[in-house]
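Source file entry_20.cif; content: mmCIF, C-alpha atoms and all ligand atoms.
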```
data_data
#
loop_
_atom_site.label_atom_id
_atom_site.label_comp_id
_atom_site.auth_asym_id
_atom_site.auth_seq_id
_atom_site.Cartn_x
_atom_site.Cartn_y
_atom_site.Cartn_z
CA MET A 125 24.62 2.59 21.15
CA LEU A 126 28.31 3.56 21.29
CA CYS A 127 29.18 0.64 19.02
CA ILE A 128 26.53 1.63 16.46
CA ALA A 129 27.75 5.23 16.62
CA GLU A 130 31.30 4.03 15.91
CA ALA A 131 30.00 1.85 13.06
CA ASN A 132 28.42 5.03 11.69
CA ARG A 133 31.71 6.91 11.99
CA ARG A 134 33.49 4.21 10.01
CA ALA A 135 30.82 4.08 7.32
CA ALA A 136 30.84 7.88 7.02
CA LEU A 137 34.49 7.74 5.93
CA GLY A 138 33.46 5.50 3.05
CA HIS A 139 30.44 7.60 2.10
CA ASP A 140 32.58 10.76 2.00
CA ALA A 141 35.26 9.06 -0.11
CA VAL A 142 32.76 7.64 -2.61
CA ARG A 143 30.89 10.92 -2.89
CA GLU A 144 34.15 12.72 -3.66
CA ALA A 145 35.11 10.06 -6.22
CA PHE A 146 31.68 10.20 -7.88
CA PHE A 147 31.90 13.98 -8.30
CA GLY A 148 35.56 13.82 -9.38
CA GLU A 149 36.93 14.46 -12.86
CA ARG A 150 37.21 10.83 -13.93
CA GLY A 151 34.14 8.63 -14.29
CA LEU A 152 34.35 5.48 -12.18
CA SER A 153 32.61 2.14 -12.50
CA GLU A 154 30.47 0.66 -9.73
CA LEU A 155 33.27 -1.79 -8.94
CA GLU A 156 35.79 1.04 -8.57
CA LEU A 157 33.42 2.98 -6.29
CA HIS A 158 32.84 -0.17 -4.21
CA LEU A 159 36.63 -0.56 -3.81
CA VAL A 160 36.96 3.13 -2.85
CA TYR A 161 34.42 2.46 -0.07
CA LEU A 162 36.19 -0.65 1.21
CA ARG A 163 39.53 1.11 1.23
CA ALA A 164 38.20 4.16 3.12
CA THR A 165 36.44 2.02 5.73
CA ARG A 166 39.30 -0.50 5.96
CA GLN A 167 36.89 -3.36 5.45
CA ASP A 168 37.19 -6.45 3.34
CA ASP A 169 34.00 -7.33 1.50
CA PRO A 170 32.85 -10.10 3.90
CA GLU A 171 33.35 -7.78 6.88
CA THR A 172 30.69 -5.28 5.79
CA PRO A 173 27.32 -5.75 7.54
CA TYR A 174 25.65 -6.41 4.15
CA LYS A 175 26.83 -6.32 0.55
CA ASN A 176 27.37 -2.71 -0.44
CA ILE A 177 24.74 -1.46 -2.88
CA VAL A 178 26.62 0.72 -5.37
CA ALA A 179 24.17 1.65 -8.11
CA LEU A 180 24.90 4.05 -10.92
CA ASP A 181 22.11 5.43 -13.10
CA ASP A 182 19.18 3.06 -13.74
CA ASN A 183 20.70 0.38 -11.47
CA GLY A 184 19.36 2.53 -8.60
CA ALA A 185 15.96 1.01 -9.41
CA VAL A 186 17.24 -2.44 -8.34
CA LEU A 187 16.64 -2.41 -4.58
CA HIS A 188 19.51 -4.77 -3.76
CA HIS A 189 21.84 -4.17 -6.68
CA VAL A 190 25.02 -5.97 -5.63
CA GLY A 191 26.56 -6.84 -8.99
CA TYR A 192 29.20 -4.18 -9.50
CA GLY A 193 29.42 -2.95 -13.08
CA ARG A 194 32.95 -2.91 -14.55
CA ASP A 195 32.23 -0.35 -17.27
CA VAL A 196 31.95 3.38 -16.72
CA PRO A 197 28.39 4.40 -17.59
CA ALA A 198 26.99 7.96 -17.92
CA GLY A 199 27.19 8.15 -14.13
CA GLU A 200 24.55 10.83 -13.70
CA SER A 201 23.21 9.41 -10.45
CA LEU A 202 24.59 7.26 -7.65
CA LEU A 203 22.70 5.41 -4.94
CA LEU A 204 25.15 4.16 -2.31
CA ASP A 205 23.76 1.96 0.49
CA ALA A 206 26.71 0.84 2.59
CA GLY A 207 27.56 0.33 6.25
CA ALA A 208 30.31 -0.79 8.56
CA THR A 209 30.66 -2.90 11.68
CA TYR A 210 32.24 -2.23 15.06
CA LEU A 211 32.46 -5.02 17.63
CA ALA A 212 29.81 -6.81 15.57
CA TYR A 213 27.32 -3.90 15.66
CA CYS A 214 26.17 -2.46 12.34
CA SER A 215 25.51 0.79 10.62
CA ASP A 216 23.32 1.04 7.52
CA ILE A 217 23.42 4.28 5.54
CA THR A 218 22.13 5.31 2.12
CA ARG A 219 22.92 8.47 0.16
CA THR A 220 21.78 9.50 -3.35
CA TRP A 221 23.87 11.88 -5.45
CA VAL A 222 23.18 13.42 -8.82
CA LYS A 223 25.07 15.31 -11.51
CA PRO A 224 22.08 16.97 -13.10
CA ARG A 225 22.23 17.46 -16.87
CA GLY A 226 19.37 18.90 -18.89
CA GLU A 227 15.73 19.18 -17.94
CA SER A 228 15.23 15.66 -16.64
CA GLY A 229 18.44 15.95 -14.59
CA ALA A 230 17.09 19.10 -12.95
CA THR A 231 13.76 17.37 -12.28
CA PHE A 232 15.53 14.37 -10.72
CA LYS A 233 17.65 16.65 -8.54
CA GLY A 234 14.42 18.37 -7.46
CA LEU A 235 13.05 14.97 -6.43
CA VAL A 236 16.22 14.19 -4.44
CA ASP A 237 16.01 17.56 -2.68
CA ALA A 238 12.34 17.00 -1.88
CA MET A 239 13.06 13.48 -0.54
CA GLU A 240 15.83 14.95 1.61
CA GLU A 241 13.43 17.45 3.20
CA MET A 242 10.79 14.77 3.66
CA GLN A 243 13.23 12.33 5.29
CA LYS A 244 14.49 15.01 7.68
CA GLY A 245 10.89 15.92 8.55
CA LEU A 246 10.13 12.28 9.36
CA CYS A 247 13.20 12.07 11.62
CA ALA A 248 12.13 15.27 13.40
CA SER A 249 8.65 13.89 14.00
CA ILE A 250 9.72 10.69 15.79
CA THR A 251 7.98 10.54 19.17
CA SER A 252 8.05 7.86 21.85
CA GLY A 253 4.68 6.21 22.38
CA HIS A 254 3.70 6.47 18.70
CA LYS A 255 3.67 3.57 16.30
CA TYR A 256 6.50 3.23 13.78
CA GLU A 257 3.87 2.09 11.27
CA ALA A 258 2.27 5.56 11.51
CA LEU A 259 5.63 7.02 10.46
CA HIS A 260 5.69 4.63 7.51
CA ASP A 261 2.19 5.83 6.56
CA ALA A 262 3.42 9.43 6.83
CA SER A 263 6.30 8.59 4.50
CA HIS A 264 3.78 7.42 1.87
CA ARG A 265 1.89 10.70 2.24
CA GLY A 266 5.25 12.46 1.77
CA VAL A 267 6.16 10.52 -1.38
CA SER A 268 2.62 11.09 -2.70
CA LYS A 269 3.04 14.84 -2.19
CA ILE A 270 6.39 14.78 -4.02
CA LEU A 271 4.92 12.82 -6.96
CA SER A 272 1.96 15.18 -7.16
CA GLU A 273 3.97 18.41 -6.86
CA ALA A 274 6.47 17.24 -9.49
CA GLY A 275 3.53 16.58 -11.85
CA LEU A 276 4.44 12.90 -12.20
CA VAL A 277 1.00 12.04 -10.90
CA LYS A 278 -1.83 14.22 -12.09
CA ALA A 279 -3.77 14.08 -8.85
CA SER A 280 -3.59 15.77 -5.45
CA ALA A 281 -1.20 14.40 -2.84
CA GLU A 282 -4.21 13.10 -0.89
CA GLU A 283 -5.68 11.28 -3.91
CA THR A 284 -2.26 9.86 -4.85
CA ASP A 285 -1.95 8.46 -1.34
CA GLU A 286 -5.52 7.19 -1.07
CA LYS A 287 -5.28 5.35 -4.39
CA GLY A 288 -2.04 3.70 -3.30
CA ILE A 289 -0.14 5.05 -6.32
CA SER A 290 2.98 5.80 -4.24
CA ARG A 291 3.37 2.06 -3.59
CA ALA A 292 4.51 1.51 -7.18
CA PHE A 293 7.26 4.10 -6.67
CA TYR A 294 8.14 3.20 -3.06
CA PRO A 295 7.62 -0.53 -2.53
CA HIS A 296 9.64 -1.16 0.66
CA GLY A 297 9.23 -0.36 4.33
CA LEU A 298 10.39 2.87 5.95
CA GLY A 299 13.03 1.04 7.96
CA HIS A 300 14.03 -1.67 10.40
CA SER A 301 15.68 -2.07 13.77
CA LEU A 302 19.46 -2.07 13.77
CA GLY A 303 21.95 -3.72 16.10
CA LEU A 304 23.94 -6.91 15.84
CA GLN A 305 22.19 -7.55 12.54
CA CYS A 306 21.52 -5.02 9.84
CA HIS A 307 17.86 -6.10 9.90
CA ASP A 308 17.66 -6.70 13.64
CA VAL A 309 14.81 -8.53 15.28
CA GLY A 310 13.66 -6.36 18.18
CA CYS A 311 11.12 -4.12 16.48
CA ALA A 312 9.14 -6.62 14.43
CA THR A 313 7.29 -8.74 16.95
CA VAL A 314 3.87 -8.23 15.33
CA LYS A 315 2.88 -8.32 11.68
CA PRO A 316 2.32 -5.07 9.78
CA ARG A 317 -1.08 -4.16 8.32
CA ALA A 318 -1.87 -6.06 5.11
CA ASP A 319 -1.22 -2.95 2.99
CA ASN A 320 2.31 -2.63 4.45
CA PRO A 321 3.57 -6.15 3.75
CA PHE A 322 7.28 -5.28 3.64
CA LEU A 323 7.45 -3.17 6.79
CA ARG A 324 10.07 -4.64 9.14
CA ASN A 325 9.39 -2.38 12.14
CA THR A 326 5.96 -2.57 13.75
CA SER A 327 6.93 -1.46 17.24
CA VAL A 328 5.60 1.27 19.47
CA ILE A 329 8.52 3.70 19.52
CA GLU A 330 10.41 3.71 22.83
CA PRO A 331 13.61 5.29 24.15
CA LYS A 332 16.77 3.25 23.45
CA GLN A 333 15.43 1.71 20.25
CA VAL A 334 17.76 2.07 17.27
CA PHE A 335 16.25 1.91 13.80
CA THR A 336 16.65 3.25 10.29
CA ILE A 337 14.58 5.87 8.49
CA GLU A 338 14.93 5.18 4.75
CA PRO A 339 12.14 6.35 2.47
CA GLY A 340 12.63 5.79 -1.25
CA LEU A 341 11.31 6.76 -4.66
CA TYR A 342 12.27 4.62 -7.66
CA PHE A 343 11.47 4.01 -11.31
CA ILE A 344 11.10 0.21 -11.33
CA ASP A 345 9.96 -1.03 -14.75
CA GLY A 346 7.91 -4.01 -13.54
CA LEU A 347 5.98 -2.09 -10.88
CA LEU A 348 5.36 0.85 -13.19
CA ALA A 349 4.13 -1.43 -15.97
CA GLU A 350 1.60 -2.86 -13.51
CA LEU A 351 0.51 0.64 -12.45
CA ARG A 352 0.17 1.67 -16.09
CA ARG A 353 -2.14 -1.27 -16.87
CA GLY A 354 -4.21 -0.75 -13.71
CA PRO A 355 -7.15 1.56 -12.93
CA HIS A 356 -4.95 4.54 -12.02
CA GLY A 357 -2.59 4.35 -15.01
CA ALA A 358 -4.13 7.39 -16.69
CA LEU A 359 -3.18 9.58 -13.72
CA VAL A 360 0.56 9.22 -14.38
CA ASP A 361 2.62 11.40 -16.73
CA TRP A 362 4.38 8.51 -18.45
CA THR A 363 6.52 10.74 -20.67
CA ALA A 364 8.01 12.38 -17.58
CA VAL A 365 8.43 9.03 -15.80
CA GLU A 366 10.22 7.53 -18.82
CA ALA A 367 12.59 10.51 -19.00
CA LEU A 368 13.48 10.01 -15.31
CA SER A 369 13.91 6.25 -15.39
CA ARG A 370 17.58 6.49 -16.39
CA TYR A 371 18.32 7.89 -12.91
CA GLY A 372 17.07 4.71 -11.23
CA GLY A 373 15.90 5.92 -7.87
CA ILE A 374 16.39 7.69 -4.59
CA ARG A 375 16.86 6.41 -1.04
CA ILE A 376 18.08 8.40 1.93
CA GLU A 377 18.77 6.42 5.09
CA ASP A 378 19.89 7.44 8.57
CA ASP A 379 20.37 5.43 11.77
CA VAL A 380 18.60 6.96 14.74
CA LEU A 381 18.56 6.30 18.48
CA VAL A 382 15.30 7.15 20.25
CA THR A 383 15.78 9.34 23.32
CA GLU A 384 13.36 10.62 25.98
CA GLY A 385 12.88 13.87 24.09
CA GLY A 386 13.10 12.73 20.45
CA ILE A 387 16.04 11.14 18.68
CA HIS A 388 19.79 11.22 18.31
CA ASN A 389 20.53 10.92 14.61
CA MET A 390 23.84 9.04 14.59
CA THR A 391 24.27 9.44 10.83
CA ARG A 392 23.51 13.10 10.21
CA GLU A 393 26.01 14.35 12.75
CA LEU A 394 28.67 12.79 10.50
CA LEU A 395 27.04 13.08 7.08
CA PRO A 396 24.86 16.18 7.24
CA ARG A 397 23.54 15.79 3.67
CA GLY A 398 21.35 12.91 2.59
CA GLY A 399 22.01 13.55 -1.08
CA GLY A 400 21.64 16.04 -3.90
CA GLY A 401 24.07 17.75 -6.23
CA ALA A 402 27.83 18.26 -5.73
N1 LIG A 501 20.76 -1.58 3.65
C1 LIG A 501 20.16 -2.77 3.30
C2 LIG A 501 18.76 -2.89 3.73
O1 LIG A 501 18.27 -2.19 4.59
O2 LIG A 501 18.07 -3.77 3.24
MN MN A 502 18.41 -0.32 5.77
#
```

Rewrite the structure from the file as structure tokens, please.
Amino acid sequence: MLCIAEANRRAALGHDAVREAFFGERGLSELELHLVYLRATRQDDPETPYKNIVALDDNGAVLHHVGYGRDVPAGESLLLDAGATYLAYCSDITRTWVKPRGESGATFKGLVDAMEEMQKGLCASITSGHKYEALHDASHRGVSKILSEAGLVKASAEETDEKGISRAFYPHGLGHSLGLQCHDVGCATVKPRADNPFLRNTSVIEPKQVFTIEPGLYFIDGLLAELRRGPHGALVDWTAVEALSRYGGIRIEDDVLVTEGGIHNMTRELLPRGGGGA
């Protein structure tokens, strides 16, 4: 646990430096932001626990975007998923920042703020003895509520969840165990339910487990095209979705240690904000 906490401290230096650079006067490319992160964490690229994901604008919709753009784009949103190692133990942290311009910028910032509240609520609800998969299900109800309240889906939160519409916007699992590997092995000894194929943590939550909590909401062309063609396509406000697609997506990820009474969030004590505006 102490090693993962130290890996979080190191990664937090990089997240702070990149956030400051992103909101600075001069626009930076993804490659420059990646180098800012490496410099602040004193890591060479192969020393990071996984390739940094530095995604500006619509690249945020690519879940593992690791090709760093050399040009400076509009730079209205940044999804940074980057960790550090300490004595071989890993941290794995994601933050999403936005410089909101115009109506769609304000809507996207509203989505980031809502995801931030939802992610914090999930962290606060972690209880030993409960299944991690139930938390994953709760995260889908949360994303469904956000999609419904923002008017992106013209259905109640309950209907959005029941019809599985959130799965086109949030296609990955809520998180995974963390330790000597970024996707560690301890919490995935049984298969998830068939409707949660990408969930990497299927454990019953117990003290001393360390795992990530990383819900997301993205505008991924291929998945949205499939949703549009399918039986629930008419429930989506496609004009609004198209206006938001240039922001790519949102993910907010913390590393938590389960304790007897709840959790110790090793990330938030260093990086209190999961994302948002400057
Ligand atoms: N941060 C990389 C991942 O969880 O896949
Ligand atoms: Mn992760």

What does the structure give for the distance between CA of Gly299 in chain A and CA of Asn325 in chain A, in Å to one decimal?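 Spanning CA of Gly299 in chain A to CA of Asn325 in chain A is a straight-line distance of 6.5 Å.
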
Within 9 Å of ligand MN 502 (chain A), counting only C-alpha atoms and all ligand atoms: which residues, as number ranges by chain? A: 205-206, 215-218, 298-302, 306-307, 335-338, 377-379

To one decimal in Å, tell me the separation between CA of Leu152 in chain A and CA of Leu235 in chain A. 24.0 Å

Non-local contacts of Pro197 in chain A (8 Å; only C-alpha atoms; under 4 positions in same chain excluded) as a ChimeraX atom specification: /A:151,153,180-181

Hey, can you check how far CA of Ser249 in chain A sits from CA of Pro339 in chain A?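 Here the two named atoms are 14.2 Å from each other.
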
Considering only C-alpha atoms and all ligand atoms, can you say which of A:Ala238, A:Cys127, A:Val190, A:Val380 comes closest to ligand LIG 501 (chain A)?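 Selected residue with least distance to ligand LIG 501 (chain A): A:Val190.
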
Mind running range 327-391 of chain A against range 227-230 of chain A at 10 Å and telling me each contacting residue's nearest atom pair with the distance in Å (one decimal), counting only C-alpha atoms, chain and number ascending, as JSON lines?
```
{"residue": "A:Ala364", "atom": "CA", "partner": "A:Ser228", "partner_atom": "CA", "distance": 8.0}
{"residue": "A:Val365", "atom": "CA", "partner": "A:Ser228", "partner_atom": "CA", "distance": 9.5}
{"residue": "A:Glu366", "atom": "CA", "partner": "A:Ser228", "partner_atom": "CA", "distance": 9.8}
{"residue": "A:Ala367", "atom": "CA", "partner": "A:Ser228", "partner_atom": "CA", "distance": 6.2}
{"residue": "A:Leu368", "atom": "CA", "partner": "A:Ser228", "partner_atom": "CA", "distance": 6.1}
{"residue": "A:Ser369", "atom": "CA", "partner": "A:Ser228", "partner_atom": "CA", "distance": 9.6}
{"residue": "A:Arg370", "atom": "CA", "partner": "A:Ser228", "partner_atom": "CA", "distance": 9.5}
{"residue": "A:Tyr371", "atom": "CA", "partner": "A:Gly229", "partner_atom": "CA", "distance": 8.2}
```

Find, counting only C-alpha atoms, the residue in A:Arg317, A:Arg291, A:Lys255, A:Arg324 that gets nearest to Tyr342 in chain A. A:Arg291

Which residue is closest to Ile177 in chain A? Choose from A:Asp195, A:Glu154, A:Asp261, A:Glu282 and count only C-alpha atoms. A:Glu154

Non-local contacts of range 160-164 of chain A (9 Å; all atoms listed in the file; under 4 positions in same chain excluded) as a PDB file with C-alpha atoms, in the frame of the given file:
```pdb
ATOM      1  CA  ARG A 134      33.490   4.210  10.010  1.00  0.00           C
ATOM      2  CA  ALA A 135      30.820   4.080   7.320  1.00  0.00           C
ATOM      3  CA  LEU A 137      34.490   7.740   5.930  1.00  0.00           C
ATOM      4  CA  GLY A 138      33.460   5.500   3.050  1.00  0.00           C
ATOM      5  CA  HIS A 139      30.440   7.600   2.100  1.00  0.00           C
ATOM      6  CA  ASP A 140      32.580  10.760   2.000  1.00  0.00           C
ATOM      7  CA  ALA A 141      35.260   9.060  -0.110  1.00  0.00           C
ATOM      8  CA  VAL A 142      32.760   7.640  -2.610  1.00  0.00           C
ATOM      9  CA  ALA A 145      35.110  10.060  -6.220  1.00  0.00           C
ATOM     10  CA  LEU A 155      33.270  -1.790  -8.940  1.00  0.00           C
ATOM     11  CA  GLU A 156      35.790   1.040  -8.570  1.00  0.00           C
ATOM     12  CA  ASP A 168      37.190  -6.450   3.340  1.00  0.00           C
ATOM     13  CA  ASP A 169      34.000  -7.330   1.500  1.00  0.00           C
ATOM     14  CA  THR A 172      30.690  -5.280   5.790  1.00  0.00           C
ATOM     15  CA  ASN A 176      27.370  -2.710  -0.440  1.00  0.00           C
ATOM     16  CA  ALA A 206      26.710   0.840   2.590  1.00  0.00           C
TER      17      ALA A 206
END
```

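Shell of Gly245 in chain A at 12 Å, with all atoms listed in the file counted and residues fewer than 5 places along the chain excluded, is A:Ala238, A:Met239, A:Glu240, A:Ile250, A:Leu259, A:Ala262, A:Ser263, A:Gly266, A:Ile337, A:Pro339.
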
Write out the residues from the selection above, keeping C-alpha atoms, as a short mmCIF file (atom, residue, chain, number, x, y, z; two decimals), keeping the file's coordinate frame.
```cif
data_model
loop_
_atom_site.label_atom_id
_atom_site.label_comp_id
_atom_site.auth_asym_id
_atom_site.auth_seq_id
_atom_site.Cartn_x
_atom_site.Cartn_y
_atom_site.Cartn_z
CA ALA A 238 12.34 17.00 -1.88
CA MET A 239 13.06 13.48 -0.54
CA GLU A 240 15.83 14.95 1.61
CA ILE A 250 9.72 10.69 15.79
CA LEU A 259 5.63 7.02 10.46
CA ALA A 262 3.42 9.43 6.83
CA SER A 263 6.30 8.59 4.50
CA GLY A 266 5.25 12.46 1.77
CA ILE A 337 14.58 5.87 8.49
CA PRO A 339 12.14 6.35 2.47
#
```

Which of A:Asp345, A:Glu257, A:Asp285, A:Glu393 sits closest to Thr326 in chain A [using all atoms listed in the file]: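 Of all the options, A:Glu257 lies closest to Thr326 in chain A.
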